[in-house]
Structure formats: C-alpha cells, structure tokens
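Colleague: Dropping in entry.cif, which is mmCIF, N, CA and C atoms:
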data_data
loop_
_atom_site.label_atom_id
_atom_site.label_comp_id
_atom_site.auth_asym_id
_atom_site.auth_seq_id
_atom_site.Cartn_x
_atom_site.Cartn_y
_atom_site.Cartn_z
N MET Z 4 79.80 155.12 42.56
CA MET Z 4 80.31 153.97 43.26
C MET Z 4 80.32 152.73 42.37
N LEU Z 5 79.31 152.62 41.53
CA LEU Z 5 79.23 151.48 40.61
C LEU Z 5 80.38 151.52 39.60
N ALA Z 6 80.76 152.72 39.20
CA ALA Z 6 81.87 152.86 38.25
C ALA Z 6 83.18 152.37 38.85
N LYS Z 7 83.39 152.61 40.14
CA LYS Z 7 84.61 152.14 40.80
C LYS Z 7 84.67 150.61 40.79
N TRP Z 8 83.52 149.98 41.06
CA TRP Z 8 83.50 148.52 41.07
C TRP Z 8 83.80 147.96 39.69
N TRP Z 9 83.19 148.52 38.64
CA TRP Z 9 83.43 148.03 37.29
C TRP Z 9 84.87 148.27 36.86
N LYS Z 10 85.42 149.38 37.32
CA LYS Z 10 86.82 149.65 37.00
C LYS Z 10 87.72 148.61 37.65
N ARG Z 11 87.45 148.26 38.89
CA ARG Z 11 88.24 147.24 39.60
C ARG Z 11 88.05 145.87 38.97
N ILE Z 12 86.82 145.54 38.61
CA ILE Z 12 86.55 144.24 37.99
C ILE Z 12 87.27 144.14 36.64
N GLY Z 13 87.18 145.19 35.86
CA GLY Z 13 87.86 145.21 34.56
C GLY Z 13 89.37 145.10 34.70
N PHE Z 14 89.91 145.80 35.68
CA PHE Z 14 91.36 145.75 35.93
C PHE Z 14 91.77 144.35 36.36
N PHE Z 15 90.98 143.70 37.20
CA PHE Z 15 91.27 142.34 37.64
C PHE Z 15 91.24 141.37 36.46
N ILE Z 16 90.23 141.51 35.59
CA ILE Z 16 90.14 140.65 34.41
C ILE Z 16 91.36 140.86 33.51
N LEU Z 17 91.78 142.10 33.35
CA LEU Z 17 92.95 142.40 32.53
C LEU Z 17 94.21 141.75 33.08
N ILE Z 18 94.39 141.81 34.38
CA ILE Z 18 95.57 141.20 35.02
C ILE Z 18 95.55 139.69 34.85
N VAL Z 19 94.38 139.06 35.06
CA VAL Z 19 94.28 137.61 34.91
C VAL Z 19 94.55 137.20 33.47
N ALA Z 20 94.03 137.95 32.50
CA ALA Z 20 94.26 137.63 31.09
C ALA Z 20 95.75 137.74 30.74
N CYS Z 21 96.42 138.76 31.25
CA CYS Z 21 97.86 138.91 31.00
C CYS Z 21 98.65 137.77 31.61
N LEU Z 22 98.28 137.36 32.82
CA LEU Z 22 98.97 136.24 33.46
C LEU Z 22 98.78 134.94 32.67
N PHE Z 23 97.56 134.69 32.19
CA PHE Z 23 97.33 133.50 31.38
C PHE Z 23 98.14 133.56 30.09
N ASN Z 24 98.23 134.72 29.46
CA ASN Z 24 98.99 134.88 28.23
C ASN Z 24 100.46 134.60 28.46
N ILE Z 25 101.02 135.15 29.52
CA ILE Z 25 102.43 134.94 29.84
C ILE Z 25 102.69 133.47 30.15
N THR Z 26 101.81 132.86 30.94
CA THR Z 26 101.97 131.44 31.28
C THR Z 26 101.91 130.56 30.04
N TYR Z 27 100.98 130.83 29.15
CA TYR Z 27 100.86 130.06 27.92
C TYR Z 27 102.12 130.18 27.07
N LYS Z 28 102.67 131.38 26.96
CA LYS Z 28 103.87 131.57 26.16
C LYS Z 28 105.08 130.86 26.77
N LEU Z 29 105.15 130.82 28.09
CA LEU Z 29 106.25 130.12 28.74
C LEU Z 29 106.13 128.60 28.57
N VAL Z 30 104.92 128.09 28.64
CA VAL Z 30 104.72 126.65 28.52
C VAL Z 30 104.94 126.19 27.08
N LYS Z 31 104.48 126.94 26.11
CA LYS Z 31 104.57 126.55 24.71
C LYS Z 31 105.84 127.03 24.02
N ARG Z 32 106.82 127.48 24.78
CA ARG Z 32 108.04 128.04 24.21
C ARG Z 32 108.82 126.95 23.47
N VAL Z 33 109.27 127.26 22.25
CA VAL Z 33 110.08 126.36 21.45
C VAL Z 33 111.53 126.72 21.67
N SER Z 34 112.38 125.72 21.80
CA SER Z 34 113.78 126.01 22.04
C SER Z 34 114.41 126.66 20.81
N PHE Z 35 115.48 127.38 21.02
CA PHE Z 35 116.14 128.11 19.93
C PHE Z 35 116.69 127.14 18.89
N THR Z 36 117.28 126.05 19.33
CA THR Z 36 117.86 125.09 18.38
C THR Z 36 116.78 124.44 17.53
N ASP Z 37 115.64 124.11 18.11
CA ASP Z 37 114.54 123.54 17.33
C ASP Z 37 114.03 124.54 16.30
N SER Z 38 113.96 125.79 16.71
CA SER Z 38 113.50 126.84 15.79
C SER Z 38 114.46 127.00 14.62
N ILE Z 39 115.75 127.00 14.89
CA ILE Z 39 116.75 127.14 13.82
C ILE Z 39 116.72 125.93 12.90
N LYS Z 40 116.61 124.72 13.47
CA LYS Z 40 116.57 123.51 12.65
C LYS Z 40 115.37 123.52 11.71
N SER Z 41 114.21 123.92 12.20
CA SER Z 41 113.03 123.93 11.34
C SER Z 41 113.15 124.99 10.25
N THR Z 42 113.74 126.13 10.59
CA THR Z 42 113.92 127.18 9.59
C THR Z 42 114.86 126.73 8.49
N VAL Z 43 115.96 126.11 8.88
CA VAL Z 43 116.94 125.63 7.90
C VAL Z 43 116.33 124.54 7.03
N SER Z 44 115.61 123.60 7.64
CA SER Z 44 115.02 122.52 6.84
C SER Z 44 113.97 123.05 5.88
N ASN Z 45 113.17 124.03 6.31
CA ASN Z 45 112.18 124.63 5.41
C ASN Z 45 112.86 125.36 4.25
N THR Z 46 113.95 126.06 4.55
CA THR Z 46 114.67 126.78 3.50
C THR Z 46 115.29 125.81 2.51
N VAL Z 47 115.91 124.76 3.01
CA VAL Z 47 116.53 123.76 2.14
C VAL Z 47 115.48 123.08 1.28
N THR Z 48 114.35 122.75 1.86
CA THR Z 48 113.27 122.12 1.11
C THR Z 48 112.76 123.05 0.02
N THR Z 49 112.61 124.31 0.35
CA THR Z 49 112.14 125.28 -0.63
C THR Z 49 113.13 125.43 -1.77
N ILE Z 50 114.41 125.51 -1.43
CA ILE Z 50 115.44 125.68 -2.46
C ILE Z 50 115.52 124.43 -3.33
N THR Z 51 115.61 123.26 -2.74
CA THR Z 51 115.71 122.04 -3.54
C THR Z 51 114.41 121.75 -4.27
N GLY Z 52 113.28 122.07 -3.66
CA GLY Z 52 112.00 121.87 -4.34
C GLY Z 52 111.87 122.78 -5.54
N GLY Z 53 112.37 123.99 -5.43
CA GLY Z 53 112.34 124.92 -6.55
C GLY Z 53 113.20 124.44 -7.71
N GLU Z 54 114.35 123.84 -7.41
CA GLU Z 54 115.22 123.33 -8.46
C GLU Z 54 114.59 122.12 -9.13
N LYS Z 55 113.91 121.26 -8.35
CA LYS Z 55 113.25 120.11 -8.93
C LYS Z 55 112.13 120.56 -9.87
N ASP Z 56 111.40 121.59 -9.49
CA ASP Z 56 110.34 122.10 -10.35
C ASP Z 56 110.91 122.63 -11.65
N LYS Z 57 112.06 123.31 -11.58
CA LYS Z 57 112.69 123.81 -12.80
C LYS Z 57 113.10 122.66 -13.70
N ASP Z 58 113.68 121.59 -13.10
CA ASP Z 58 114.08 120.42 -13.88
C ASP Z 58 112.87 119.76 -14.52
N ASN Z 59 111.79 119.64 -13.79
CA ASN Z 59 110.58 119.04 -14.33
C ASN Z 59 110.02 119.87 -15.47
N ASN Z 60 110.02 121.18 -15.33
CA ASN Z 60 109.53 122.05 -16.39
C ASN Z 60 110.41 121.96 -17.62
N ASN Z 61 111.73 121.88 -17.42
CA ASN Z 61 112.63 121.74 -18.56
C ASN Z 61 112.41 120.41 -19.29
N ASN Z 62 112.20 119.33 -18.55
CA ASN Z 62 111.94 118.03 -19.16
C ASN Z 62 110.62 118.05 -19.92
N LYS Z 63 109.60 118.71 -19.40
CA LYS Z 63 108.32 118.80 -20.09
C LYS Z 63 108.47 119.57 -21.38
N ASN Z 64 109.24 120.67 -21.35
CA ASN Z 64 109.44 121.47 -22.55
C ASN Z 64 110.22 120.70 -23.60
N GLU Z 65 111.19 119.90 -23.18
CA GLU Z 65 111.98 119.12 -24.13
C GLU Z 65 111.14 118.02 -24.77
N ASN Z 66 110.22 117.44 -24.00
CA ASN Z 66 109.39 116.33 -24.52
C ASN Z 66 108.35 116.86 -25.50
N GLN Z 67 107.98 118.09 -25.42
CA GLN Z 67 106.94 118.63 -26.33
C GLN Z 67 107.59 118.95 -27.60
#
The structure in this file should be written as structure tokens.
Modeller:
Amino acid sequence: MLAKWWKRIGFFILIVACLFNITYKLVKRVSFTDSIKSTVSNTVTTITGGEKDKDNNNNKNENQ
C-alpha cells in the first residue's frame, strides 16, 4: 500500500514539474524575428571582426 502512495506522489510531482517547464518556456519564448536578428548580427560581427583581426595582423607584420 505504501508503494502505491509513493507512486502517486511521484507521478504528481512529475506532472507538476512538466507543467512548470512548459509554462516557463511559453513565458520566456523569444519571437522568431528577434532570434533571426540576433543570429544575423552575431554572424556579421564575427565576419567583420575576423577581417579586422586579419588587417591588424597584416599591419603588425608589415611594421616588424
């Protein structure tokens, strides 16, 4: 009989945890356009930052 109670308690805790997880994901959801904008800006920054590093390295090599 004790096993049945623990099984029910565990199942109840599992359901509550899943509901909290789903609620948190719905509340903290980022819009698709914001996600795309941040991805594009990070990519552009990485690409332009990489080119600036190459230019800086070339200038350092020329000065030596």
Colleague: What does the structure give for the distance between atom CA of Lys28 of chain Z and atom CA of Ser44 of chain Z, in Å to one decimal?
Modeller: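 Computing the Euclidean distance for atom CA of Lys28 of chain Z and atom CA of Ser44 of chain Z yields 24.1 Å.
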Colleague: Could you jot down the atom CA of Val47 of chain Z to atom CA of Phe35 of chain Z separation for me, Å, one decimal place?
Modeller: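 Straight-line distance from atom CA of Val47 of chain Z to atom CA of Phe35 of chain Z works out to 18.3 Å.
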Colleague: For a test of reading the model, state the distance in Å between atom CA of Thr42 of chain Z and atom CA of Thr26 of chain Z, rounded to one decimal.
Modeller: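 Interatomic distance here is 25.1 Å.
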